[in-house]
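Source file: query-v8.cif; contents: mmCIF, C-alpha atoms and all ligand atoms.
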```
data_input
#
loop_
_atom_site.label_atom_id
_atom_site.label_comp_id
_atom_site.auth_asym_id
_atom_site.auth_seq_id
_atom_site.Cartn_x
_atom_site.Cartn_y
_atom_site.Cartn_z
CA MET N 13 73.24 -105.96 136.86
CA MET N 14 75.96 -104.89 139.30
CA LEU N 15 74.48 -101.41 139.77
CA ARG N 16 70.87 -102.42 140.24
CA GLY N 17 68.97 -99.75 142.18
CA LYS N 18 71.94 -97.38 142.39
CA LYS N 19 71.07 -93.76 141.67
CA ILE N 20 73.75 -91.97 139.68
CA LEU N 21 73.80 -88.31 138.71
CA LEU N 22 75.86 -88.07 135.52
CA ILE N 23 77.21 -84.60 134.76
CA ILE N 24 78.31 -84.22 131.16
CA SER N 25 80.48 -81.17 130.60
CA GLY N 26 81.99 -79.74 127.43
CA GLY N 27 84.56 -81.50 125.29
CA ILE N 28 84.68 -83.82 122.34
CA ALA N 29 84.65 -86.77 124.79
CA ALA N 30 81.01 -85.89 125.55
CA TYR N 31 80.03 -88.24 122.73
CA LYS N 32 81.50 -91.11 124.78
CA ALA N 33 79.22 -90.11 127.67
CA LEU N 34 76.29 -91.46 125.65
CA ASP N 35 77.87 -94.91 125.56
CA LEU N 36 78.74 -94.56 129.25
CA LEU N 37 75.11 -93.71 130.02
CA ARG N 38 73.93 -96.76 128.06
CA GLN N 39 76.36 -99.05 129.91
CA LEU N 40 75.41 -97.67 133.35
CA LYS N 41 71.75 -98.32 132.57
CA LYS N 42 72.57 -101.82 131.35
CA GLN N 43 74.06 -102.51 134.79
CA GLY N 44 70.73 -101.51 136.35
CA ALA N 45 71.65 -97.98 137.49
CA GLN N 46 69.03 -95.23 137.52
CA VAL N 47 70.77 -92.32 135.82
CA ARG N 48 69.77 -88.67 135.89
CA CYS N 49 71.80 -86.33 133.72
CA ILE N 50 72.96 -82.75 133.83
CA LEU N 51 74.25 -81.50 130.49
CA THR N 52 76.27 -78.28 130.68
CA ARG N 53 76.08 -75.62 127.99
CA GLY N 54 79.52 -76.75 126.77
CA GLY N 55 78.36 -80.39 126.73
CA SER N 56 75.35 -79.47 124.63
CA GLN N 57 77.68 -78.15 121.93
CA PHE N 58 78.81 -81.73 121.35
CA ILE N 59 75.74 -83.90 122.04
CA THR N 60 72.05 -83.07 122.00
CA PRO N 61 69.79 -83.02 125.06
CA MET N 62 67.46 -85.26 123.07
CA SER N 63 69.98 -88.12 122.80
CA VAL N 64 70.77 -87.87 126.53
CA ALA N 65 67.06 -87.84 127.41
CA SER N 66 66.31 -90.81 125.16
CA LEU N 67 69.09 -92.92 126.62
CA SER N 68 68.46 -91.98 130.26
CA GLU N 69 64.68 -92.22 129.78
CA ARG N 70 64.35 -89.09 131.91
CA GLU N 71 64.40 -85.41 131.20
CA VAL N 72 67.81 -83.76 131.03
CA HIS N 73 68.62 -81.01 133.50
CA MET N 74 70.42 -78.05 131.94
CA ASP N 75 69.39 -74.78 133.48
CA LEU N 76 69.85 -73.49 137.01
CA TRP N 77 67.16 -70.92 136.42
CA SER N 78 64.52 -73.26 135.05
CA LEU N 79 61.41 -72.65 137.11
CA LYS N 80 59.91 -75.95 135.99
CA ASP N 81 63.00 -77.95 136.99
CA GLU N 82 63.35 -76.12 140.29
CA THR N 83 59.75 -76.85 141.29
CA GLU N 84 59.85 -80.48 140.15
CA MET N 85 63.41 -81.50 140.96
CA GLY N 86 65.39 -78.58 142.41
CA HIS N 87 69.18 -78.53 142.22
CA ILE N 88 69.44 -79.27 145.94
CA ARG N 89 67.39 -82.45 145.60
CA LEU N 90 69.28 -83.34 142.45
CA SER N 91 72.52 -83.06 144.40
CA ARG N 92 71.39 -85.11 147.40
CA GLU N 93 69.24 -87.82 145.90
CA ALA N 94 72.03 -89.60 144.06
CA ASP N 95 74.18 -92.36 145.59
CA LEU N 96 77.04 -91.09 143.44
CA ILE N 97 77.78 -88.07 141.28
CA LEU N 98 79.83 -88.95 138.21
CA VAL N 99 81.32 -86.16 136.10
CA ALA N 100 82.24 -87.50 132.66
CA PRO N 101 83.76 -85.86 130.81
CA ALA N 102 85.05 -83.42 133.41
CA SER N 103 86.43 -80.43 131.51
CA ALA N 104 89.35 -78.32 132.78
CA ASN N 105 86.87 -75.52 133.34
CA LEU N 106 84.45 -77.56 135.48
CA ILE N 107 87.39 -78.99 137.46
CA ALA N 108 88.55 -75.42 138.16
CA GLN N 109 85.04 -74.41 139.22
CA MET N 110 84.92 -77.38 141.59
CA ALA N 111 88.35 -76.58 143.04
CA TYR N 112 87.34 -72.96 143.70
CA GLY N 113 83.81 -73.74 144.87
CA LEU N 114 82.18 -71.67 142.17
CA ALA N 115 78.46 -71.94 141.55
CA GLU N 116 77.99 -70.53 138.09
CA ASP N 117 75.63 -72.94 136.43
CA LEU N 118 73.52 -75.98 137.30
CA ALA N 119 76.48 -78.44 137.21
CA SER N 120 78.83 -76.43 139.43
CA THR N 121 76.02 -75.39 141.82
CA THR N 122 74.83 -78.98 142.19
CA LEU N 123 78.39 -80.14 142.91
CA LEU N 124 78.85 -77.40 145.51
CA ALA N 125 75.53 -78.18 147.19
CA SER N 126 76.14 -81.91 147.35
CA ASN N 127 77.14 -84.16 150.21
CA ARG N 128 77.38 -87.27 148.00
CA PRO N 129 80.53 -89.07 146.82
CA VAL N 130 81.91 -87.66 143.58
CA MET N 131 83.95 -89.37 140.84
CA ILE N 132 85.33 -87.48 137.87
CA ALA N 133 86.66 -88.64 134.51
CA PRO N 134 88.74 -85.69 133.23
CA ALA N 135 89.09 -85.09 129.50
CA MET N 136 91.05 -82.27 127.97
CA ASN N 137 93.93 -81.31 125.73
CA PRO N 138 97.29 -82.64 127.11
CA MET N 139 98.67 -79.12 127.58
CA MET N 140 95.63 -78.15 129.61
CA TRP N 141 96.06 -81.32 131.71
CA GLU N 142 99.74 -80.54 132.30
CA ASN N 143 99.14 -76.88 133.07
CA ALA N 144 100.14 -75.96 136.62
CA ALA N 145 96.67 -74.56 137.26
CA THR N 146 95.00 -77.87 136.40
CA ARG N 147 97.65 -79.83 138.36
CA GLU N 148 96.86 -77.78 141.46
CA ASN N 149 93.12 -78.07 140.96
CA ILE N 150 93.33 -81.84 140.61
CA GLU N 151 95.46 -82.05 143.74
CA THR N 152 92.89 -79.98 145.63
CA LEU N 153 90.04 -82.22 144.49
CA GLU N 154 91.97 -85.39 145.37
CA LYS N 155 92.64 -84.01 148.85
CA ARG N 156 88.90 -83.55 149.27
CA GLY N 157 88.32 -87.23 148.51
CA ILE N 158 87.06 -86.83 144.97
CA GLN N 159 87.93 -89.98 143.04
CA MET N 160 89.68 -89.65 139.67
CA ILE N 161 89.15 -92.02 136.77
CA GLY N 162 91.92 -91.53 134.20
CA PRO N 163 92.60 -89.66 132.03
CA SER N 164 94.47 -92.01 129.73
CA SER N 165 97.13 -91.20 127.14
CA GLY N 166 96.94 -91.44 123.42
CA GLU N 167 96.13 -89.45 120.37
CA MET N 168 93.62 -86.70 121.01
CA ALA N 169 90.79 -85.52 118.78
CA CYS N 170 92.77 -82.27 118.31
CA GLY N 171 95.66 -84.25 116.79
CA GLU N 172 98.03 -83.84 119.77
CA THR N 173 99.29 -86.82 121.70
CA GLY N 174 99.59 -87.10 125.47
CA GLN N 175 97.60 -87.55 128.62
CA GLY N 176 94.09 -86.15 128.60
CA ARG N 177 91.84 -88.68 126.88
CA MET N 178 88.74 -89.58 128.83
CA SER N 179 88.84 -93.17 130.10
CA GLU N 180 86.83 -95.59 128.00
CA PRO N 181 83.21 -96.00 129.18
CA GLU N 182 83.78 -99.64 130.21
CA ASN N 183 86.63 -98.58 132.49
CA ILE N 184 84.51 -95.85 134.03
CA VAL N 185 81.71 -98.37 134.65
CA LYS N 186 84.25 -100.73 136.28
CA ALA N 187 85.46 -97.91 138.55
CA VAL N 188 81.86 -97.08 139.49
CA ILE N 189 81.12 -100.75 140.30
CA HIS N 190 84.33 -100.90 142.34
CA HIS N 191 83.29 -97.78 144.24
CA PHE N 192 80.04 -99.42 145.27
CA GLN N 193 81.80 -102.66 146.18
CA ALA N 194 84.55 -101.28 148.44
CA ASP N 195 84.18 -102.64 151.99
CA LYS N 196 80.92 -104.26 151.06
CA PRO N 197 80.84 -107.95 152.01
CA LEU N 198 77.82 -108.69 149.81
CA ALA N 199 79.18 -106.80 146.81
CA GLY N 200 78.44 -108.61 143.57
CA LYS N 201 75.42 -110.39 145.09
CA THR N 202 71.84 -109.70 144.07
CA ALA N 203 68.87 -109.94 146.42
CA LEU N 204 65.12 -109.94 146.14
CA VAL N 205 63.05 -108.94 149.18
CA THR N 206 59.26 -108.92 149.54
CA SER N 207 57.69 -106.64 152.13
CA GLY N 208 54.39 -105.22 153.38
CA PRO N 209 50.88 -106.56 152.99
CA THR N 210 49.00 -107.30 149.80
CA HIS N 211 45.62 -105.79 149.02
CA GLU N 212 43.17 -108.10 147.31
CA PRO N 213 40.31 -106.16 145.70
CA ILE N 214 36.66 -106.83 146.47
CA ASP N 215 35.62 -104.02 144.15
CA PRO N 216 37.43 -100.87 142.92
CA VAL N 217 37.28 -99.23 146.38
CA ARG N 218 37.35 -102.13 148.85
CA PHE N 219 39.97 -104.72 149.52
CA ILE N 220 41.06 -107.51 151.85
CA GLY N 221 44.32 -106.58 153.55
CA ASN N 222 46.26 -107.02 156.77
CA ARG N 223 48.15 -104.92 159.30
CA SER N 224 51.71 -105.56 158.06
CA SER N 225 53.68 -102.28 158.16
CA GLY N 226 56.55 -103.38 155.90
CA LYS N 227 59.08 -102.12 158.48
CA GLN N 228 60.97 -105.40 158.83
CA GLY N 229 61.13 -106.17 155.10
CA HIS N 230 62.17 -102.62 154.21
CA ALA N 231 64.86 -102.66 156.93
CA ILE N 232 66.22 -105.93 155.51
CA ALA N 233 66.34 -104.50 151.98
CA ARG N 234 68.26 -101.47 153.27
CA ALA N 235 70.68 -103.59 155.32
CA LEU N 236 71.50 -105.82 152.34
CA ALA N 237 72.05 -102.75 150.15
CA ASP N 238 74.33 -101.25 152.83
CA ALA N 239 76.30 -104.51 152.77
CA GLY N 240 76.83 -104.02 149.03
CA SER N 241 74.17 -106.25 147.53
CA ALA N 242 72.09 -105.03 144.59
CA VAL N 243 68.57 -105.23 146.00
CA THR N 244 65.13 -105.33 144.42
CA LEU N 245 62.40 -104.70 146.98
CA ILE N 246 58.90 -105.74 145.98
CA SER N 247 56.52 -104.02 148.31
CA GLY N 248 52.80 -104.12 148.86
CA PRO N 249 51.02 -100.89 149.92
CA VAL N 250 52.85 -99.38 152.94
CA ASN N 251 53.11 -95.98 154.59
CA ILE N 252 56.88 -95.88 154.95
CA PRO N 253 59.39 -94.43 152.46
CA ASP N 254 61.29 -96.52 149.91
CA PRO N 255 64.68 -97.46 151.39
CA GLU N 256 67.71 -95.69 149.93
CA GLY N 257 69.96 -97.52 147.48
CA VAL N 258 67.31 -100.11 146.70
CA GLU N 259 65.23 -100.61 143.56
CA THR N 260 61.68 -100.62 144.88
CA ILE N 261 58.75 -102.00 142.91
CA GLN N 262 55.29 -101.25 144.25
CA VAL N 263 52.55 -103.82 143.85
CA GLN N 264 49.04 -104.29 145.22
CA THR N 265 48.05 -107.94 144.96
CA ALA N 266 49.70 -111.31 145.59
CA GLN N 267 49.56 -112.10 141.89
CA GLU N 268 51.34 -108.85 141.03
CA MET N 269 53.91 -109.57 143.73
CA LEU N 270 54.58 -113.03 142.31
CA GLU N 271 55.00 -111.65 138.80
CA ALA N 272 57.40 -108.92 140.01
CA CYS N 273 59.41 -111.56 141.92
CA GLN N 274 59.66 -113.77 138.86
CA ASN N 275 60.87 -110.79 136.83
CA ALA N 276 63.49 -110.01 139.50
CA LEU N 277 65.04 -113.48 139.20
CA PRO N 278 67.79 -114.61 138.92
CA ALA N 279 69.03 -113.44 142.33
CA ASP N 280 71.48 -114.92 144.83
CA ILE N 281 69.28 -114.24 147.84
CA ALA N 282 65.49 -114.16 148.26
CA ILE N 283 63.85 -113.01 151.48
CA CYS N 284 60.07 -113.18 151.70
CA ALA N 285 59.04 -110.85 154.50
CA ALA N 286 55.71 -109.84 152.97
CA ALA N 287 52.45 -110.74 154.68
CA VAL N 288 50.86 -112.05 151.51
CA ALA N 289 47.09 -112.47 151.67
CA ASP N 290 46.40 -116.19 151.59
CA TRP N 291 43.18 -115.70 149.62
CA ARG N 292 41.71 -113.34 147.09
CA VAL N 293 38.14 -112.71 146.00
CA GLU N 294 37.35 -114.95 143.05
CA ASN N 295 35.33 -112.46 141.04
CA ALA N 296 36.25 -108.98 142.21
CA ALA N 297 33.49 -106.60 141.04
CA ARG N 298 34.41 -104.15 138.28
CA HIS N 299 32.13 -101.50 139.76
CA LYS N 300 31.58 -100.45 143.33
CA ILE N 301 29.16 -102.86 144.97
CA LYS N 302 26.03 -101.01 146.09
CA LYS N 303 24.34 -101.49 149.42
CA GLY N 304 20.65 -100.98 149.98
CA LYS N 305 17.71 -102.02 152.08
CA ASP N 306 16.57 -104.48 149.46
CA LEU N 307 20.03 -105.69 148.50
CA ALA N 308 21.50 -108.68 150.28
CA PRO N 309 25.09 -108.22 151.48
CA PRO N 310 27.42 -109.66 148.87
CA ALA N 311 28.74 -113.17 149.35
CA LEU N 312 32.46 -113.34 148.70
CA THR N 313 34.00 -116.47 147.27
CA LEU N 314 37.67 -116.69 148.17
CA ILE N 315 40.28 -118.60 146.26
CA GLN N 316 43.86 -119.46 147.22
CA ASN N 317 46.64 -117.06 146.24
CA PRO N 318 49.95 -118.36 144.90
CA ASP N 319 52.56 -119.08 147.56
CA ILE N 320 55.32 -116.72 146.45
CA LEU N 321 57.96 -118.12 148.79
CA ARG N 322 57.30 -121.66 147.61
CA GLU N 323 57.29 -120.61 143.95
CA ILE N 324 60.69 -118.94 144.36
CA ALA N 325 62.16 -121.83 146.36
CA SER N 326 60.99 -124.41 143.80
CA HIS N 327 61.92 -122.45 140.68
CA PRO N 328 63.24 -125.03 138.21
CA THR N 329 66.09 -122.91 136.81
CA LYS N 330 66.45 -119.69 138.80
CA ARG N 331 66.24 -120.76 142.46
CA PRO N 332 68.35 -118.33 144.52
CA ALA N 333 71.22 -119.91 146.47
CA LEU N 334 69.67 -118.76 149.74
CA VAL N 335 65.88 -118.56 150.20
CA ILE N 336 64.57 -117.19 153.49
CA GLY N 337 60.97 -117.08 154.71
CA PHE N 338 59.17 -115.70 157.74
CA ALA N 339 56.79 -117.55 160.02
CA ALA N 340 54.37 -116.07 162.49
CA GLU N 341 53.70 -118.70 165.15
CA THR N 342 51.60 -118.65 168.29
CA GLU N 343 52.64 -122.07 169.63
CA ASN N 344 55.12 -124.92 169.04
CA LEU N 345 57.37 -122.42 167.33
CA GLU N 346 60.30 -124.67 166.44
CA GLN N 347 58.20 -127.60 165.32
CA ASN N 348 55.90 -125.45 163.18
CA ALA N 349 58.76 -123.46 161.72
CA ARG N 350 60.60 -126.66 160.80
CA ALA N 351 57.48 -127.99 159.10
CA LYS N 352 57.31 -124.69 157.20
CA LEU N 353 60.96 -125.04 156.08
CA GLN N 354 60.03 -128.36 154.48
CA LYS N 355 56.66 -127.28 153.08
CA LYS N 356 58.02 -124.14 151.49
CA GLY N 357 61.35 -125.61 150.41
CA CYS N 358 63.32 -122.68 151.83
CA ASP N 359 66.71 -122.69 153.55
CA TRP N 360 66.04 -120.53 156.61
CA ILE N 361 62.97 -119.36 158.48
CA ILE N 362 62.82 -116.29 160.66
CA ALA N 363 60.12 -117.13 163.17
CA ASN N 364 58.21 -114.65 165.34
CA ASN N 365 56.38 -115.70 168.42
CA VAL N 366 53.28 -113.62 167.77
CA GLY N 367 51.37 -115.06 170.69
CA MET N 368 53.43 -113.10 173.17
CA GLU N 369 53.78 -109.72 171.55
CA ASP N 370 52.19 -107.59 168.93
CA ILE N 371 54.77 -107.36 166.18
CA PHE N 372 52.74 -105.59 163.53
CA GLY N 373 53.73 -101.96 163.31
CA ALA N 374 56.05 -102.31 166.33
CA GLN N 375 59.60 -100.95 166.18
CA GLU N 376 61.08 -104.06 167.78
CA ASN N 377 61.02 -107.70 166.92
CA HIS N 378 61.83 -110.92 168.76
CA VAL N 379 62.83 -113.66 166.36
CA TYR N 380 64.41 -117.09 166.00
CA LEU N 381 66.59 -118.04 163.06
CA ILE N 382 65.83 -121.63 162.11
CA THR N 383 67.89 -123.52 159.56
CA HIS N 384 67.78 -127.18 158.59
CA LYS N 385 70.60 -127.75 161.10
CA ASN N 386 69.93 -125.50 164.09
CA ILE N 387 67.89 -122.83 165.84
CA GLN N 388 69.12 -119.55 167.35
CA GLU N 389 67.02 -117.31 169.56
CA TRP N 390 67.91 -113.66 168.95
CA PRO N 391 67.43 -111.11 171.70
CA LYS N 392 64.57 -108.67 171.22
CA ALA N 393 65.91 -105.81 169.11
CA SER N 394 64.89 -103.05 166.72
CA LYS N 395 63.85 -104.17 163.26
CA GLU N 396 66.91 -102.34 161.88
CA ASN N 397 69.25 -104.31 164.15
CA ILE N 398 67.58 -107.58 163.24
CA ALA N 399 67.99 -106.66 159.59
CA ARG N 400 71.69 -105.86 160.11
CA ASP N 401 72.29 -109.14 161.99
CA LEU N 402 70.50 -111.06 159.27
CA GLY N 403 72.81 -109.34 156.76
CA LEU N 404 75.80 -110.61 158.80
CA GLU N 405 74.42 -114.17 158.88
CA ILE N 406 73.91 -114.04 155.11
CA THR N 407 77.46 -112.74 154.61
CA ASN N 408 78.82 -115.62 156.74
CA TYR N 409 76.75 -118.09 154.79
CA PHE N 410 78.29 -116.97 151.50
CA LEU N 411 81.81 -116.74 152.97
CA ASN N 412 81.58 -120.31 154.32
CA ASN N 413 79.99 -121.67 151.18
CA GLU N 414 82.45 -120.04 148.86
CA PHE N 415 85.27 -121.24 151.13
CA GLU N 416 83.87 -124.81 151.01
CA THR N 417 83.56 -124.63 147.22
CA ARG N 418 87.18 -123.47 146.92
CA LYS N 419 88.33 -126.29 149.25
CA THR N 420 86.53 -129.03 147.34
CA GLY N 421 86.60 -127.53 143.85
N1 LIG U 501 54.27 -116.32 151.81
C1 LIG U 501 54.31 -116.08 150.46
N2 LIG U 501 53.19 -116.17 149.71
C2 LIG U 501 52.02 -116.51 150.26
C3 LIG U 501 51.95 -116.75 151.64
C4 LIG U 501 53.09 -116.65 152.39
O1 LIG U 501 55.38 -115.75 149.95
N3 LIG U 501 50.93 -116.60 149.50
C5 LIG U 501 55.51 -116.25 152.60
C6 LIG U 501 55.59 -115.09 153.55
O2 LIG U 501 56.23 -113.98 152.95
C7 LIG U 501 56.42 -115.67 154.68
C8 LIG U 501 55.97 -117.09 154.72
O3 LIG U 501 55.54 -117.40 153.41
O4 LIG U 501 57.80 -115.68 154.35
C9 LIG U 501 54.86 -117.28 155.71
O5 LIG U 501 54.19 -118.43 155.42
P1 LIG U 501 52.69 -118.73 155.78
O6 LIG U 501 52.37 -120.07 155.21
O7 LIG U 501 51.80 -117.61 155.38
O8 LIG U 501 52.82 -118.82 157.28
P2 LIG U 501 52.24 -117.97 158.42
O9 LIG U 501 51.98 -116.55 158.02
O10 LIG U 501 53.21 -118.15 159.48
O11 LIG U 501 50.83 -118.62 158.64
P3 LIG U 501 50.29 -120.14 158.76
O12 LIG U 501 51.00 -120.69 159.94
O13 LIG U 501 48.86 -119.92 158.90
O14 LIG U 501 50.63 -120.89 157.50
#
```
Go through the file and emit its structure as structure tokens.
Amino acid sequence: MMLRGKKILLIISGGIAAYKALDLLRQLKKQGAQVRCILTRGGSQFITPMSVASLSEREVHMDLWSLKDETEMGHIRLSREADLILVAPASANLIAQMAYGLAEDLASTTLLASNRPVMIAPAMNPMMWENAATRENIETLEKRGIQMIGPSSGEMACGETGQGRMSEPENIVKAVIHHFQADKPLAGKTALVTSGPTHEPIDPVRFIGNRSSGKQGHAIARALADAGSAVTLISGPVNIPDPEGVETIQVQTAQEMLEACQNALPADIAICAAAVADWRVENAARHKIKKGKDLAPPALTLIQNPDILREIASHPTKRPALVIGFAAETENLEQNARAKLQKKGCDWIIANNVGMEDIFGAQENHVYLITHKNIQEWPKASKENIARDLGLEITNYFLNNEFETRKTG
């Protein structure tokens, strides 16, 4: 799942190679990518919108002038929401439109309106590929930083032989993975992050919750994704947006959070930043509990929730290589955090001294990183900076470990 959480806009233009785009779409999804598709009019001569929709599990975008599409997912949003735009196959015509900045249909308009990285897999007849016009257009696109995948040489569907065949889907997928891994120290790693509070229902309208904002957990998920890791963020109810480049799963209760975590394993890294409710109401009412003069206030029986961090850290077969928990302490920070390391079976604890400052909802955080070997006090910093520094510590951990394994192995 090397593309977990990555949003890819796949533009399928006209050409016999469009049939290979279906396999490409399947393989991108298998790697965990979320794929939206634009099928040009030319593309739809070779494959049906229905097959693209079925494989992508989303509707296919085809028409610039579709009122429905423009209100639900306009071409501007389509062009900006993706982490990468992949054009495969890229026909000579679409390449020319791109080179000249034409906006004639949904595909060319989206490409012109986009500020996202673009990769193209050209496919055309060898004479068209060799034509001076195409040569110049390709040169123009390369100068603008558009990445080319192929084309390869061989026998073409039209019977001619030469360069112009679209690269095989597995090679395109490899190039896409490589794109996401370049300069990314955690590339190839997978991470699971929990964030936010949990809400434990009392009845359908009331719940037990806490004041966790999710800011620190969400910032960590984003920082790990920026460092190249594929990240699944499992978040309780929060009022902040889903971080970019991260697969976010929304849950309400501790039990749902545990289940989502178990489904997200295996992962190389697990970071439990959620403020999970320690207890839930044993028999949450199915209907709203009524109050009244003659009705006694309800008595709530609480039972213990699962300890998600401990469950992950003690998983018999899928324990992540690095498991990190949080601790909110008001006194004896180091001693209590060390006890928590043991009790939870995790590798590191990020401890907050909550006695001194109100951390919930705040922009800044003051933490200590406690491992089995040492303790570091980090200067007070924004939650984003703490997340970035934690990302660096995690990168160092894997660099050192992999170095040690190479030395001894
Ligand atoms: N945690 C969890 N599942 C729970 C409870 C806690 O995953 N049911 C995780 C939190 O995400 C956090 C760590 O465990 O990483 C916090 O442990 P916890 O025992 O709740 O400690 P504190 O909140 O610090 O509180 P206390 O000292 O009262 O134990």
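Distance cut-off 9 Å, centre (68.2, -106.5, 149.1), atoms counted only C-alpha atoms; the residues meeting this are Thr202, Ala203, Leu204, Val205, His230, Ile232, Ala233, Arg234, Ala235, Leu236, Ala237, Asp238, Gly240, Ser241, Ala242, Val243, Thr244, Leu245, Val258, Glu259, Ile281, Ala282 and Ile283 of chain N.
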Those residues with C-alpha atoms, as a PDB file, in the frame of the given file please?
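out_24.pdb, written as the output of this step:
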```pdb
ATOM      1  CA  THR N 202      71.840-109.700 144.070  1.00  0.00           C
ATOM      2  CA  ALA N 203      68.870-109.940 146.420  1.00  0.00           C
ATOM      3  CA  LEU N 204      65.120-109.940 146.140  1.00  0.00           C
ATOM      4  CA  VAL N 205      63.050-108.940 149.180  1.00  0.00           C
ATOM      5  CA  HIS N 230      62.170-102.620 154.210  1.00  0.00           C
ATOM      6  CA  ILE N 232      66.220-105.930 155.510  1.00  0.00           C
ATOM      7  CA  ALA N 233      66.340-104.500 151.980  1.00  0.00           C
ATOM      8  CA  ARG N 234      68.260-101.470 153.270  1.00  0.00           C
ATOM      9  CA  ALA N 235      70.680-103.590 155.320  1.00  0.00           C
ATOM     10  CA  LEU N 236      71.500-105.820 152.340  1.00  0.00           C
ATOM     11  CA  ALA N 237      72.050-102.750 150.150  1.00  0.00           C
ATOM     12  CA  ASP N 238      74.330-101.250 152.830  1.00  0.00           C
ATOM     13  CA  GLY N 240      76.830-104.020 149.030  1.00  0.00           C
ATOM     14  CA  SER N 241      74.170-106.250 147.530  1.00  0.00           C
ATOM     15  CA  ALA N 242      72.090-105.030 144.590  1.00  0.00           C
ATOM     16  CA  VAL N 243      68.570-105.230 146.000  1.00  0.00           C
ATOM     17  CA  THR N 244      65.130-105.330 144.420  1.00  0.00           C
ATOM     18  CA  LEU N 245      62.400-104.700 146.980  1.00  0.00           C
ATOM     19  CA  VAL N 258      67.310-100.110 146.700  1.00  0.00           C
ATOM     20  CA  GLU N 259      65.230-100.610 143.560  1.00  0.00           C
ATOM     21  CA  ILE N 281      69.280-114.240 147.840  1.00  0.00           C
ATOM     22  CA  ALA N 282      65.490-114.160 148.260  1.00  0.00           C
ATOM     23  CA  ILE N 283      63.850-113.010 151.480  1.00  0.00           C
TER      24      ILE N 283
END
```
Could I get the residues of stretch 274-294 of chain N with an atom no further than 10 Å from an atom of stretch 329-345 of chain N, each paired with its nearest atom pair and that distance in Å to one decimal, using only C-alpha atoms, sorted by chain and residue number, as a tab-separated table?
```
residue	atom	partner	partner_atom	distance
N:Gln274	CA	N:Lys330	CA	9.0
N:Leu277	CA	N:Lys330	CA	6.4
N:Pro278	CA	N:Lys330	CA	5.3
N:Ala279	CA	N:Pro332	CA	5.4
N:Asp280	CA	N:Pro332	CA	4.6
N:Ile281	CA	N:Leu334	CA	4.9
N:Ala282	CA	N:Val335	CA	4.8
N:Ile283	CA	N:Ile336	CA	4.7
N:Cys284	CA	N:Gly337	CA	5.0
N:Ala285	CA	N:Phe338	CA	5.8
N:Ala286	CA	N:Phe338	CA	8.3
N:Ala287	CA	N:Phe338	CA	8.9
```
Subject >> Surrounding residues as an MDAnalysis selection string, ligand LIG 501 (chain U), max 9 Å, all atoms listed in the file >> reply: chainID N and resid 206:208 266:267 269:270 283:291 316:324 336:342 348:349 352 355:356 361:364
Original post:
In Å, with one decimal, what is the gap from atom CA of N:Glu268 to atom CA of N:Pro209?
Top reply: 12.2 Å
Original post:
In Å, with one decimal, what is the gap from atom CA of N:Phe192 to atom CA of N:Lys41?
Top reply: 15.2 Å
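Closest to N:Ala29 among N:Val293, N:Leu124, N:Gln175, N:Gly55 is N:Gly55, based on all atoms listed in the file.
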**OP:** Between atom CA of N:Gln388 and atom CA of N:Gly229, measure the distance and give it in Å to one decimal.
**Re:** 19.8 Å
Original post:
Counting all atoms listed in the file, which residues come within 6 Å of (70.9, -82.1, 127.0), with the point read in the file's coordinates, and could you list them as a ChimeraX atom specification?
Top reply: /N:51,56,60-61,64,72
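The nearest approach to N:Thr383 among the residues N:Glu396, N:Asp401, N:Asp254, N:Asp359, with only C-alpha atoms taken into account, belongs to N:Asp359.
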Subject >> Nearest to N:Ile161 by atom-to-atom distance, counting all atoms listed in the file, from N:His384, N:Arg38, N:His190, N:Lys227 >> reply: N:His190
Subject >> Selection: 8 Å around stretch 84-95 of chain N, all atoms listed in the file, excl. self and same-chain fewer than 6 positions, as JSON, numbers by chain >> reply: {"N": [18, 19, 20, 21, 76, 118, 121, 122, 123, 125, 126, 127, 128, 129, 257]}
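Closest to N:Ala30 among N:Ala308, N:Ala169, N:Met140, N:Ile150 is N:Ala169, based on all atoms listed in the file.
Comparing the minimum interatomic distances between N:Glu180 and each of N:Lys32, N:Lys385, N:His378, N:His211, counting all atoms listed in the file, we find that N:Lys32 sits nearest.
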Is it possible to get the axis-aligned box enclosing stretch 171-174 of chain N (all listed atoms, 3 Å extra per side) as JSON, with centre and edge lengths in Å rounded to one decimal?
```
{"center_x": 97.6, "center_y": -85.5, "center_z": 121.1, "size_x": 9.9, "size_y": 9.3, "size_z": 14.7}
```
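Counting all atoms listed in the file, the residue from N:Ile23, N:Ala194, N:Cys170, N:Val217 that sits nearest to N:Val130 is N:Ile23.
Every protein or nucleic acid residue with an atom no more than 12 Å from N:Glu154, counting all atoms listed in the file and leaving out same-chain residues fewer than 3 positions away, appears here: Ile107, Met110, Ala111, Val130, Met131, Ile132, Arg147, Glu148, Asn149, Ile150, Glu151, Gly157, Ile158, Gln159, Met160 and Ile161 of chain N.
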